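Pasting model.txt here (compact mmCIF, C-alpha atoms):
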# COMPACT_ATOMS: atom_id res chain seq x y z
CA MET S 1 -73.59 72.66 149.66
CA HIS S 2 -75.63 72.74 146.46
CA PHE S 3 -75.82 76.50 146.66
CA ARG S 4 -72.03 76.63 146.78
CA VAL S 5 -71.62 74.48 143.71
CA LEU S 6 -74.12 76.31 141.53
CA PRO S 7 -72.08 79.52 141.02
CA LEU S 8 -69.09 77.35 140.20
CA ILE S 9 -71.05 75.53 137.48
CA ALA S 10 -72.36 78.83 136.17
CA ALA S 11 -68.85 80.27 136.08
CA LEU S 12 -67.55 77.20 134.26
CA ALA S 13 -70.33 77.46 131.73
CA ALA S 14 -69.62 81.14 131.21
CA PHE S 15 -65.87 80.69 130.85
CA SER S 16 -65.78 77.69 128.57
CA PRO S 17 -65.54 79.31 125.09
CA PRO S 18 -62.90 76.81 123.92
CA ALA S 19 -65.53 74.09 123.91
CA PHE S 20 -67.87 76.23 121.78
CA ALA S 21 -65.01 77.38 119.59
CA SER S 22 -63.83 73.88 118.89
CA ASP S 23 -67.42 72.90 118.01
CA ALA S 24 -67.68 75.83 115.64
CA ARG S 25 -64.29 75.00 114.14
CA SER S 26 -65.15 71.35 113.60
CA GLU S 27 -68.49 72.23 112.01
CA SER S 28 -66.80 74.85 109.91
CA LYS S 29 -64.11 72.38 108.94
CA SER S 30 -66.65 69.85 107.71
CA GLN S 31 -68.22 72.59 105.54
CA VAL S 32 -64.77 73.47 104.20
CA GLU S 33 -64.00 69.86 103.35
CA PHE S 34 -67.33 69.36 101.63
CA GLY S 35 -66.68 72.58 99.69
CA ILE S 36 -63.31 71.27 98.54
CA ARG S 37 -64.86 68.03 97.32
CA VAL S 38 -67.55 69.75 95.29
CA ALA S 39 -65.10 72.33 93.93
CA GLN S 40 -62.93 69.48 92.69
CA SER S 41 -65.99 68.25 90.78
CA GLY S 42 -66.44 71.70 89.26
CA LEU S 43 -69.50 72.66 91.37
CA TRP S 44 -68.16 76.07 92.34
CA LYS S 45 -71.47 77.65 93.37
CA GLU S 46 -72.12 74.91 95.89
CA ALA S 47 -68.52 75.12 97.08
CA THR S 48 -68.77 78.87 97.58
CA TYR S 49 -72.02 78.42 99.51
CA ARG S 50 -70.30 75.88 101.81
CA TRP S 51 -67.33 78.17 102.46
CA GLU S 52 -69.67 81.07 103.18
CA LYS S 53 -71.29 78.83 105.79
CA ALA S 54 -67.86 77.90 107.12
CA VAL S 55 -66.81 81.51 107.74
CA GLU S 56 -70.19 82.24 109.32
CA LEU S 57 -69.64 79.37 111.74
CA ASP S 58 -66.05 80.29 112.48
CA PRO S 59 -64.96 83.74 111.30
CA THR S 60 -61.41 83.10 112.54
CA TYR S 61 -60.79 80.17 110.18
CA ALA S 62 -58.20 81.46 107.69
CA ALA S 63 -58.39 78.44 105.35
CA ALA S 64 -62.15 78.93 104.96
CA TRP S 65 -61.64 82.60 104.03
CA ASN S 66 -58.92 81.58 101.55
CA ASN S 67 -61.20 79.04 99.88
CA LEU S 68 -64.09 81.47 99.85
CA ALA S 69 -61.87 84.04 98.12
CA ILE S 70 -61.02 81.47 95.45
CA GLY S 71 -64.71 80.66 95.01
CA TYR S 72 -65.51 84.35 94.52
CA GLU S 73 -62.63 84.68 92.10
CA GLN S 74 -63.96 81.80 90.01
CA GLU S 75 -67.34 83.58 89.91
CA GLY S 76 -65.74 86.88 88.86
CA ARG S 77 -66.74 88.61 92.15
CA PHE S 78 -63.48 90.51 92.50
CA GLU S 79 -64.46 92.87 95.32
CA ASP S 80 -65.73 90.01 97.48
CA ALA S 81 -62.62 87.98 96.66
CA GLN S 82 -60.39 90.89 97.65
CA LYS S 83 -62.11 91.21 101.05
CA ALA S 84 -61.98 87.47 101.68
CA TYR S 85 -58.28 87.24 100.78
CA GLU S 86 -57.52 90.23 103.02
CA ARG S 87 -59.31 88.51 105.87
CA ALA S 88 -57.44 85.24 105.26
CA VAL S 89 -54.07 87.01 105.17
CA SER S 90 -54.81 88.97 108.34
CA LEU S 91 -55.80 85.77 110.18
CA ASP S 92 -52.79 83.76 109.01
CA PRO S 93 -50.15 86.17 107.74
CA LYS S 94 -47.41 83.53 107.57
CA ASN S 95 -49.32 81.10 105.39
CA LEU S 96 -47.47 81.01 102.06
CA TYR S 97 -50.31 79.32 100.18
CA ILE S 98 -52.71 82.12 101.09
CA ARG S 99 -50.12 84.75 100.13
CA GLN S 100 -49.43 83.03 96.81
CA ASN S 101 -53.16 82.79 96.01
CA TYR S 102 -53.62 86.43 96.93
CA ASP S 103 -50.67 87.55 94.78
CA LEU S 104 -52.03 85.68 91.76
CA PHE S 105 -55.46 87.20 92.33
CA LYS S 106 -54.01 90.71 92.70
CA GLU S 107 -52.23 90.39 89.37
CA ILE S 108 -55.54 89.71 87.58
CA ASN S 109 -57.45 92.25 89.62
CA ASP S 110 -54.91 95.00 88.93
CA ARG S 111 -54.98 94.18 85.22
CA THR S 112 -58.78 94.40 85.21
CA LYS S 113 -58.68 97.73 87.02
CA ARG S 114 -56.11 99.12 84.60
CA ARG S 115 -58.33 98.04 81.71
CA SER S 116 -61.37 99.79 83.14
CA ASN S 117 -59.37 102.96 83.81
CA ARG S 118 -58.27 103.30 80.20
CA MET T 1 -46.14 41.27 118.93
CA THR T 2 -43.38 40.41 116.48
CA ALA T 3 -41.00 42.97 115.02
CA ARG T 4 -42.63 42.52 111.59
CA SER T 5 -46.15 43.30 112.80
CA ALA T 6 -44.83 46.27 114.79
CA ALA T 7 -43.18 47.63 111.63
CA ALA T 8 -46.44 47.14 109.70
CA ILE T 9 -48.39 49.06 112.33
CA VAL T 10 -45.83 51.88 112.33
CA SER T 11 -45.87 52.20 108.52
CA LEU T 12 -49.68 52.14 108.50
CA GLY T 13 -49.63 54.85 111.12
CA LEU T 14 -47.23 56.90 109.01
CA LEU T 15 -49.43 56.47 105.93
CA CYS T 16 -52.54 57.58 107.81
CA GLY T 17 -50.59 60.49 109.22
CA ALA T 18 -49.46 61.53 105.77
CA GLY T 19 -53.06 61.33 104.53
CA ALA T 20 -54.28 63.44 107.38
CA CYS T 21 -51.54 65.98 106.72
CA THR T 22 -52.77 66.66 103.18
CA ASN T 23 -54.15 70.05 104.03
CA PHE T 24 -53.90 71.67 100.63
CA TYR T 25 -55.30 70.92 97.20
CA GLU T 26 -54.16 72.58 94.02
CA ILE T 27 -57.14 73.33 91.82
CA PRO T 28 -57.47 74.84 88.34
CA ILE T 29 -59.67 77.93 88.13
CA GLU T 30 -60.99 80.11 85.33
CA THR T 31 -61.41 83.72 86.31
CA PRO T 32 -64.02 85.43 84.12
CA ILE T 33 -63.28 88.95 82.95
CA GLN T 34 -66.37 90.82 81.87
CA PRO T 35 -66.27 92.76 78.58
CA LYS T 36 -66.05 96.50 78.90
CA LEU T 37 -68.58 97.13 76.19
CA ASP T 38 -72.16 95.97 75.97
CA VAL T 39 -72.33 94.97 72.31
CA SER T 40 -75.68 93.20 72.55
CA ALA T 41 -77.23 95.88 70.33
CA PHE T 42 -74.96 94.93 67.43
CA GLN T 43 -74.94 91.86 65.25
CA ARG T 44 -72.19 93.02 62.94
CA ILE T 45 -68.80 94.64 63.31
CA LEU T 46 -66.84 96.66 60.77
CA VAL T 47 -63.11 97.14 61.25
CA VAL T 48 -63.02 100.02 58.86
CA GLY T 49 -59.40 101.24 58.86
CA PHE T 50 -56.86 103.17 60.87
CA ILE T 51 -54.81 106.31 60.63
CA THR T 52 -51.31 104.91 60.74
CA GLY T 53 -47.80 106.23 60.93
CA GLY T 54 -44.21 105.42 61.77
CA THR T 55 -42.18 103.08 59.62
CA GLU T 56 -43.11 102.53 56.00
CA ASP T 57 -41.85 98.92 56.13
CA VAL T 58 -45.27 97.73 57.28
CA ASP T 59 -48.67 98.79 55.98
CA ALA T 60 -50.03 99.08 59.51
CA ASN T 61 -53.50 100.04 58.31
CA LEU T 62 -53.94 96.95 56.15
CA GLU T 63 -52.25 94.57 58.57
CA THR T 64 -54.17 95.81 61.61
CA VAL T 65 -57.50 95.52 59.83
CA ARG T 66 -56.67 92.01 58.58
CA LEU T 67 -55.47 90.81 61.97
CA LEU T 68 -58.38 92.22 63.98
CA ARG T 69 -60.94 90.89 61.53
CA SER T 70 -59.48 87.40 61.64
CA GLN T 71 -59.36 87.46 65.46
CA LEU T 72 -62.93 88.73 65.67
CA ARG T 73 -64.12 86.06 63.24
CA SER T 74 -62.84 83.27 65.47
CA LYS T 75 -63.20 84.79 68.94
CA SER T 76 -66.35 86.91 68.99
CA ASN T 77 -70.01 86.36 68.30
CA LEU T 78 -70.28 89.38 66.03
CA ARG T 79 -70.44 88.93 62.28
CA VAL T 80 -67.38 90.51 60.72
CA ILE T 81 -68.10 92.64 57.68
CA GLU T 82 -65.64 92.03 54.86
CA ALA T 83 -65.00 95.31 53.13
CA GLU T 84 -61.98 96.98 51.61
CA VAL T 85 -59.83 98.90 54.03
CA LEU T 86 -60.56 102.60 54.28
CA PRO T 87 -57.52 104.89 53.71
CA LEU T 88 -58.48 106.92 56.73
CA ALA T 89 -55.40 109.16 56.86
CA GLU T 90 -56.03 110.36 53.34
CA ILE T 91 -59.70 110.90 54.07
CA ALA T 92 -58.86 112.86 57.20
CA ALA T 93 -56.30 114.90 55.27
CA GLY T 94 -58.92 115.54 52.58
CA GLN T 95 -61.41 116.62 55.21
CA GLY T 96 -58.84 119.00 56.60
CA ARG T 97 -58.26 120.50 53.18
CA SER T 98 -61.95 120.94 52.45
CA ALA T 99 -62.54 122.43 55.91
CA GLY T 100 -65.05 120.09 57.41
CA GLU T 101 -66.74 118.94 54.22
CA ILE T 102 -67.81 115.32 54.41
CA THR T 103 -66.62 113.65 51.25
CA PRO T 104 -65.14 110.39 52.33
CA VAL T 105 -67.99 107.92 52.34
CA ALA T 106 -67.47 107.77 48.61
CA HIS T 107 -64.13 106.10 49.32
CA LEU T 108 -65.88 103.15 50.82
CA PRO T 109 -65.68 99.98 48.80
CA GLN T 110 -68.98 98.45 47.81
CA GLN T 111 -70.18 95.33 49.45
CA GLU T 112 -71.72 92.63 47.35
CA GLY T 113 -75.40 93.26 46.76
CA GLN T 114 -75.21 96.79 48.10
CA GLN T 115 -75.97 100.03 46.38
CA PRO T 116 -72.92 102.00 45.29
CA ALA T 117 -71.90 104.88 47.49
CA ALA T 118 -73.54 108.21 46.81
CA GLN T 119 -70.59 109.96 45.20
CA GLN T 120 -67.26 109.00 43.80
CA PRO T 121 -64.32 111.06 44.99
CA GLN T 122 -62.66 113.45 42.61
CA ASP T 123 -59.27 111.78 43.18
CA PRO T 124 -58.92 108.14 44.02
CA PRO T 125 -57.01 107.62 47.24
CA GLN T 126 -53.91 106.25 45.52
CA GLN T 127 -53.41 109.45 43.60
CA GLN T 128 -53.65 111.70 46.61
CA ASP T 129 -50.57 112.70 48.57
CA SER T 130 -50.02 110.14 51.28
CA PRO T 131 -49.82 111.99 54.58
CA ARG T 132 -46.51 111.60 56.39
CA ILE T 133 -47.16 110.62 59.95
CA ARG T 134 -44.09 109.96 62.02
CA THR T 135 -44.96 110.86 65.60
CA GLU T 136 -47.86 111.10 68.05
CA LYS T 137 -47.88 114.83 67.37
CA ASP T 138 -48.39 114.24 63.65
CA LEU T 139 -51.30 111.95 64.49
CA GLU T 140 -53.03 114.60 66.57
CA ARG T 141 -53.77 116.61 63.46
CA TYR T 142 -55.99 113.82 62.17
CA GLN T 143 -57.88 113.05 65.38
CA SER T 144 -60.83 115.30 64.53
CA ILE T 145 -62.16 112.72 62.07
CA PHE T 146 -63.13 110.45 64.97
CA ALA T 147 -65.45 113.13 66.32
CA ASP T 148 -67.13 113.60 62.94
CA VAL T 149 -70.48 112.06 63.87
CA ALA T 150 -72.04 112.63 60.44
CA PHE T 151 -69.17 110.85 58.71
CA TRP T 152 -69.39 107.76 60.90
CA LYS T 153 -73.17 107.73 60.83
CA LYS T 154 -73.03 107.65 57.04
CA ILE T 155 -70.62 104.73 57.13
CA GLY T 156 -72.95 103.05 59.62
CA GLU T 157 -75.90 103.46 57.26
CA GLU T 158 -73.83 102.09 54.40
CA TYR T 159 -73.15 98.88 56.33
CA GLN T 160 -76.47 98.48 58.18
CA ASN T 161 -75.50 100.01 61.52
CA PRO T 162 -72.62 97.86 62.70
CA LEU T 163 -70.24 98.49 65.56
CA ILE T 164 -67.38 100.34 63.87
CA VAL T 165 -63.78 99.81 64.92
CA THR T 166 -61.24 102.43 63.92
CA GLY T 167 -58.45 104.44 65.52
CA THR T 168 -54.76 105.16 65.12
CA VAL T 169 -51.71 102.91 64.92
CA LEU T 170 -48.19 104.23 65.29
CA PHE T 171 -45.47 101.68 64.57
CA THR T 172 -42.10 103.32 64.98
CA PRO T 173 -38.53 102.00 64.95
CA GLN T 174 -36.44 102.63 68.05
CA GLN T 175 -32.78 102.33 68.93
CA THR T 176 -31.40 102.38 72.45
CA SER T 177 -28.08 101.74 74.09
CA GLY T 178 -27.29 100.87 77.67
CA PHE T 179 -26.17 98.18 80.06
CA VAL T 180 -27.88 94.82 79.67
CA THR T 181 -27.53 91.78 81.97
CA ARG T 182 -26.69 88.61 80.08
CA ASN T 183 -25.76 85.10 81.13
CA GLN T 184 -22.22 84.31 80.08
CA GLU T 185 -21.15 80.70 79.77
CA GLY T 186 -17.82 79.50 81.06
CA TRP T 187 -16.00 76.51 82.55
CA ASP T 188 -14.98 76.04 86.16
CA ASN T 189 -11.77 74.44 87.51
CA LEU T 190 -13.34 71.00 87.37
CA GLY T 191 -14.26 71.36 83.71
CA ARG T 192 -17.97 71.87 84.33
CA ARG T 193 -20.00 74.34 82.32
CA THR T 194 -21.18 77.35 84.29
CA THR T 195 -23.20 80.47 83.60
CA ALA T 196 -22.76 83.79 85.32
CA PRO T 197 -24.67 87.06 84.84
CA VAL T 198 -22.56 89.84 83.34
CA ARG T 199 -23.50 93.40 82.50
CA VAL T 200 -22.56 94.49 79.02
CA TRP T 201 -23.02 97.70 77.09
CA MET T 202 -25.22 97.06 74.10
CA GLU T 203 -26.94 98.90 71.32
CA ARG T 204 -30.31 97.45 70.55
CA LYS T 205 -32.88 98.06 67.86
CA GLY T 206 -36.56 97.40 67.86
CA PHE T 207 -40.02 98.85 67.47
CA ILE T 208 -42.72 100.59 69.47
CA LEU T 209 -46.35 99.87 68.69
CA SER T 210 -48.90 102.33 70.06
CA PRO T 211 -52.41 101.76 68.81
CA LYS T 212 -55.58 103.52 69.89
CA PHE T 213 -58.72 101.52 69.21
CA ILE T 214 -61.91 103.57 68.88
CA PHE T 215 -65.34 101.90 68.95
CA ILE T 216 -68.09 103.84 67.22
CA ASP T 217 -71.82 103.18 67.27
CA GLY T 218 -72.75 102.87 63.59
CA ARG T 219 -76.34 103.93 64.35
CA THR T 220 -75.43 107.30 65.81
CA GLY T 221 -71.85 107.90 64.68
CA THR T 222 -70.70 108.57 68.23
CA THR T 223 -67.66 107.12 69.96
CA ILE T 224 -68.71 104.70 72.66
CA HIS T 225 -65.30 103.58 73.84
CA SER T 226 -61.61 104.05 73.15
CA GLU T 227 -58.54 102.33 74.40
CA THR T 228 -54.84 103.13 74.07
CA PHE T 229 -51.99 100.63 74.27
CA ARG T 230 -48.22 100.75 74.06
CA GLU T 231 -45.89 97.83 73.55
CA GLU T 232 -42.24 97.74 72.59
CA ILE T 233 -39.68 95.16 71.58
CA LEU T 234 -35.89 95.32 71.38
CA TYR T 235 -33.45 93.03 69.63
CA GLU T 236 -29.71 92.55 69.74
CA PRO T 237 -27.99 94.20 66.77
CA ARG T 238 -27.00 90.86 65.20
CA GLN T 239 -30.67 89.79 65.07
CA ASN T 240 -32.17 90.84 61.80
CA THR T 241 -35.87 90.69 62.59
CA PRO T 242 -38.17 91.96 59.84
CA ALA T 243 -40.47 94.83 60.77
CA LEU T 244 -43.56 92.75 59.95
CA SER T 245 -42.52 90.00 62.41
CA SER T 246 -42.03 92.61 65.13
CA TYR T 247 -45.41 94.10 64.32
CA PHE T 248 -47.11 90.72 64.78
CA ASP T 249 -45.14 89.98 67.97
CA LEU T 250 -46.37 93.24 69.47
CA MET T 251 -49.93 92.88 68.23
CA ASP T 252 -50.09 89.37 69.74
CA ARG T 253 -49.66 91.00 73.16
CA LEU T 254 -52.48 93.48 72.56
CA VAL T 255 -55.10 91.37 70.85
CA PRO T 256 -56.43 89.67 74.04
CA SER T 257 -57.09 93.09 75.58
CA PHE T 258 -58.75 94.28 72.39
CA LEU T 259 -61.01 91.22 72.32
CA GLY T 260 -61.67 91.66 76.04
CA SER T 261 -63.44 94.92 75.25
CA LEU T 262 -66.04 93.08 73.22
CA SER T 263 -66.47 89.64 74.72
CA ALA T 264 -65.97 87.94 78.07
CA GLN T 265 -62.55 86.38 78.50
CA LYS T 266 -61.41 83.69 80.90
CA ILE T 267 -58.03 83.66 82.55
CA ARG T 268 -56.89 80.16 83.44
CA GLY T 269 -54.77 79.59 86.51
CA THR T 270 -54.37 77.46 89.62
CA ARG T 271 -55.00 78.19 93.28
CA VAL T 272 -54.49 76.24 96.48
CA LEU T 273 -57.53 75.25 98.54
CA LEU T 274 -56.84 74.71 102.23
CA ARG T 275 -58.43 72.53 104.92

This structure in structure tokens:
Amino acid sequence: MHFRVLPLIAALAAFSPPAFASDARSESKSQVEFGIRVAQSGLWKEATYRWEKAVELDPTYAAAWNNLAIGYEQEGRFEDAQKAYERAVSLDPKNLYIRQNYDLFKEINDRTKRRSNR
Amino acid sequence: MTARSAAAIVSLGLLCGAGACTNFYEIPIETPIQPKLDVSAFQRILVVGFITGGTEDVDANLETVRLLRSQLRSKSNLRVIEAEVLPLAEIAAGQGRSAGEITPVAHLPQQEGQQPAAQQPQDPPQQQDSPRIRTEKDLERYQSIFADVAFWKKIGEEYQNPLIVTGTVLFTPQQTSGFVTRNQEGWDNLGRRTTAPVRVWMERKGFILSPKFIFIDGRTGTTIHSETFREEILYEPRQNTPALSSYFDLMDRLVPSFLGSLSAQKIRGTRVLLR
């Protein structure tokens, strides 16, 4: 009887990614929220660190990528910001906030590139 | 449970729900733009003068020097050298005539407490023929002065090796005609005021400003950076805008980019953080 149940438990354990994913998402979400709070106090380095953690924990979390892109932008890390925005847009292409942030960033980034090409 | 307490619970629930639904936060950001030039080797900057052309209604050389100096005084860490403006076009023309001879440092005005320049020119600049520069092509003839390392090095020595700003400024009038979309006011059947876009044929006048800023290392006389801009403005024919106002309108658009070459700038904006 026990021998029959064991493979079932093993199979359940193997095929239960939603449980892990939701853990990762909730941990990631708490990092994102903490990042927002510190960013609102002007502590952008700490905020960026938190959002980096958030995307490490859950690389499919579009909001975390969006916030991380903003953090990089504030630090003047344009290439990193570009990659993070691209990731956010690809994960949630219909999110208008992400698109609007990305458009505003692109405007500055393009201007900077034009300047350096002169 | 009474109806009143049920309503209170529902409204509390709605409030909590609304709080939980706040998934975005608008936040102000300042994006830093790094300067293109490393000017840490310089303590002083000399906006020496420009070869200018186009309309004669504005002394573009004098005005450009004045404007850039005042902007640099308030928005950069470099000490701005106050010196008289160099009539660069005449110097370049003189150089052309004397086939590469370096005479012009003598044109430089003396700073207080400095030794006079080595030689005085045979003809003061005012008495020389003012070169007529109307187009970009006319300007090209004078460009060689910017590559004259010995000339700029001598100016650098004269002013204790500053960063030298020079270049060309072409400020030309323009006139165009074509269809323009304008909002026309009217009244609807109910007596309300309305506006509708209409396309009208219009002749417009204005100016084109195309400066090229050249940054020269006063220690070596070599060009370290140059930047070209082009801005234009058009007015309706009934607007009688003086050339000098147009010049300042156009320069206002360029000055941030000019300053951005020398010092870090911050672009303020807002973004939306998400939960």

Distance in Å - CA of Ala84 (chain S) versus CA of Ser261 (chain T)
27.5 Å

Taking all atoms listed in the file into account, name the residue in S:Leu57, S:Ile70, S:Val38, S:Leu91 that is nearest to chain T.
S:Ile70

Counting only C-alpha atoms, which residues in chain S sit no more than 9 Å from chain T? For each one, give the nearest pair of atoms and the distance in Å, sorted by chain then residue number, as JSON lines.
{"residue": "S:Lys29", "atom": "CA", "partner": "T:Arg275", "partner_atom": "CA", "distance": 7.0}
{"residue": "S:Val32", "atom": "CA", "partner": "T:Arg275", "partner_atom": "CA", "distance": 6.4}
{"residue": "S:Glu33", "atom": "CA", "partner": "T:Arg275", "partner_atom": "CA", "distance": 6.4}
{"residue": "S:Ile36", "atom": "CA", "partner": "T:Leu273", "partner_atom": "CA", "distance": 7.0}
{"residue": "S:Ala39", "atom": "CA", "partner": "T:Ile27", "partner_atom": "CA", "distance": 8.3}
{"residue": "S:Gln40", "atom": "CA", "partner": "T:Ile27", "partner_atom": "CA", "distance": 7.0}
{"residue": "S:Ala62", "atom": "CA", "partner": "T:Leu274", "partner_atom": "CA", "distance": 8.8}
{"residue": "S:Ala63", "atom": "CA", "partner": "T:Leu274", "partner_atom": "CA", "distance": 5.1}
{"residue": "S:Ala64", "atom": "CA", "partner": "T:Leu274", "partner_atom": "CA", "distance": 7.3}
{"residue": "S:Asn66", "atom": "CA", "partner": "T:Leu273", "partner_atom": "CA", "distance": 7.1}
{"residue": "S:Asn67", "atom": "CA", "partner": "T:Leu273", "partner_atom": "CA", "distance": 5.4}
{"residue": "S:Ile70", "atom": "CA", "partner": "T:Arg271", "partner_atom": "CA", "distance": 7.2}
{"residue": "S:Gly71", "atom": "CA", "partner": "T:Ile29", "partner_atom": "CA", "distance": 9.0}
{"residue": "S:Glu73", "atom": "CA", "partner": "T:Thr31", "partner_atom": "CA", "distance": 6.0}
{"residue": "S:Gln74", "atom": "CA", "partner": "T:Thr31", "partner_atom": "CA", "distance": 4.9}
{"residue": "S:Glu75", "atom": "CA", "partner": "T:Pro32", "partner_atom": "CA", "distance": 6.9}
{"residue": "S:Gly76", "atom": "CA", "partner": "T:Pro32", "partner_atom": "CA", "distance": 5.2}
{"residue": "S:Tyr97", "atom": "CA", "partner": "T:Val272", "partner_atom": "CA", "distance": 6.4}
{"residue": "S:Ile98", "atom": "CA", "partner": "T:Val272", "partner_atom": "CA", "distance": 7.7}
{"residue": "S:Gln100", "atom": "CA", "partner": "T:Arg271", "partner_atom": "CA", "distance": 8.2}
{"residue": "S:Asn101", "atom": "CA", "partner": "T:Arg271", "partner_atom": "CA", "distance": 5.7}
{"residue": "S:Leu104", "atom": "CA", "partner": "T:Arg271", "partner_atom": "CA", "distance": 8.2}
{"residue": "S:Ile108", "atom": "CA", "partner": "T:Ile267", "partner_atom": "CA", "distance": 8.3}
{"residue": "S:Thr112", "atom": "CA", "partner": "T:Ile33", "partner_atom": "CA", "distance": 7.4}
{"residue": "S:Arg115", "atom": "CA", "partner": "T:Ser257", "partner_atom": "CA", "distance": 8.0}
{"residue": "S:Ser116", "atom": "CA", "partner": "T:Lys36", "partner_atom": "CA", "distance": 7.1}
{"residue": "S:Arg118", "atom": "CA", "partner": "T:Glu227", "partner_atom": "CA", "distance": 5.9}

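Rounded to one decimal, CA of Leu234 (chain T) and CA of Thr176 (chain T) lie 8.4 Å from each other.
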
From the set T:Ile216, T:Asn183, T:Lys154, T:Gln175, which residue has the shortest atom-to-atom contact distance to Glu203 (chain T), counting all atoms listed in the file?
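Of the candidates, the smallest distance to Glu203 (chain T) is held by T:Gln175.
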
Starting from the point (-68.8, 82.4, 101.6), work out which residues of protein, DNA or RNA have an atom no more than 9 Å away when counting only C-alpha atoms; state them as JSON, numbers by chain.
{"S": [47, 48, 49, 50, 51, 52, 53, 54, 55, 56, 64, 65, 67, 68, 69, 71, 72, 84]}

Could you tell me, as a list in words, which residues have any atom at most 10 Å from (-44.3, 101.8, 56.9), counting all atoms listed in the file?
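Neighbouring residues, ordered by chain and number, come to Thr52, Gly53, Gly54, Thr55, Glu56, Asp57, Val58, Asp59, Ala60, Asn61, Ile133, Arg134, Leu170, Phe171, Thr172, Pro173, Ala243 and Leu244 of chain T.
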
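CA of Val39 (chain T) is found 6.6 Å from CA of Leu262 (chain T).
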
Using all atoms listed in the file, find the one residue out of T:Asp217, T:Glu140, T:Asp249, T:Glu231 that sits nearest to Trp152 (chain T).
T:Asp217

Closest to Ile155 (chain T) among T:Ala264, T:Ala93, T:Leu254, T:Leu86, using only C-alpha atoms?
T:Leu86

Show me, as a list of chain:residue names, the residues that have an atom within 10 Å of Ala41 (chain T) when counting all atoms listed in the file, minus same-chain residues fewer than 2 positions from it.
T:Asp38, T:Val39, T:Gln43, T:Arg44, T:Asn161, T:Pro162, T:Leu163, T:Asp217

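The shell of residues at most 8 Å from Met202 (chain T), with all atoms listed in the file counted and near chain neighbours (fewer than 3 positions) removed, consists of Ser177, Gly178, Phe179, Val180 and Glu236 of chain T.
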
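The residue that comes closest to Thr168 (chain T), out of T:Gly49, T:Pro197, T:Gly94, T:Pro211 and on the basis of only C-alpha atoms, is T:Pro211.
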
Using the partial input, fill out region 89-100 of chain S with N, CA and C atoms; write the result as a PDB file, in the coordinates of the input.
ATOM      1  N   VAL S  89     -55.461  86.603 104.918  1.00  0.00           N
ATOM      2  CA  VAL S  89     -54.070  87.010 105.170  1.00  0.00           C
ATOM      3  C   VAL S  89     -53.930  87.584 106.574  1.00  0.00           C
ATOM      4  N   SER S  90     -54.917  88.365 107.006  1.00  0.00           N
ATOM      5  CA  SER S  90     -54.810  88.970 108.340  1.00  0.00           C
ATOM      6  C   SER S  90     -54.902  87.898 109.443  1.00  0.00           C
ATOM      7  N   LEU S  91     -55.672  86.834 109.172  1.00  0.00           N
ATOM      8  CA  LEU S  91     -55.800  85.770 110.180  1.00  0.00           C
ATOM      9  C   LEU S  91     -54.580  84.855 110.225  1.00  0.00           C
ATOM     10  N   ASP S  92     -53.953  84.665 109.060  1.00  0.00           N
ATOM     11  CA  ASP S  92     -52.790  83.760 109.010  1.00  0.00           C
ATOM     12  C   ASP S  92     -51.723  84.381 108.102  1.00  0.00           C
ATOM     13  N   PRO S  93     -51.059  85.418 108.604  1.00  0.00           N
ATOM     14  CA  PRO S  93     -50.150  86.170 107.740  1.00  0.00           C
ATOM     15  C   PRO S  93     -48.933  85.370 107.262  1.00  0.00           C
ATOM     16  N   LYS S  94     -48.618  84.286 107.955  1.00  0.00           N
ATOM     17  CA  LYS S  94     -47.410  83.530 107.570  1.00  0.00           C
ATOM     18  C   LYS S  94     -47.705  82.403 106.589  1.00  0.00           C
ATOM     19  N   ASN S  95     -48.972  82.213 106.270  1.00  0.00           N
ATOM     20  CA  ASN S  95     -49.320  81.100 105.390  1.00  0.00           C
ATOM     21  C   ASN S  95     -48.951  81.441 103.931  1.00  0.00           C
ATOM     22  N   LEU S  96     -47.985  80.703 103.404  1.00  0.00           N
ATOM     23  CA  LEU S  96     -47.470  81.010 102.060  1.00  0.00           C
ATOM     24  C   LEU S  96     -48.479  80.685 100.964  1.00  0.00           C
ATOM     25  N   TYR S  97     -49.306  79.675 101.189  1.00  0.00           N
ATOM     26  CA  TYR S  97     -50.310  79.320 100.180  1.00  0.00           C
ATOM     27  C   TYR S  97     -51.309  80.472 100.012  1.00  0.00           C
ATOM     28  N   ILE S  98     -51.736  81.006 101.153  1.00  0.00           N
ATOM     29  CA  ILE S  98     -52.710  82.120 101.090  1.00  0.00           C
ATOM     30  C   ILE S  98     -52.063  83.314 100.386  1.00  0.00           C
ATOM     31  N   ARG S  99     -50.823  83.602 100.746  1.00  0.00           N
ATOM     32  CA  ARG S  99     -50.120  84.750 100.130  1.00  0.00           C
ATOM     33  C   ARG S  99     -49.976  84.558  98.623  1.00  0.00           C
ATOM     34  N   GLN S 100     -49.620  83.318  98.240  1.00  0.00           N
ATOM     35  CA  GLN S 100     -49.430  83.030  96.810  1.00  0.00           C
ATOM     36  C   GLN S 100     -50.759  83.184  96.056  1.00  0.00           C
TER      37      GLN S 100
END
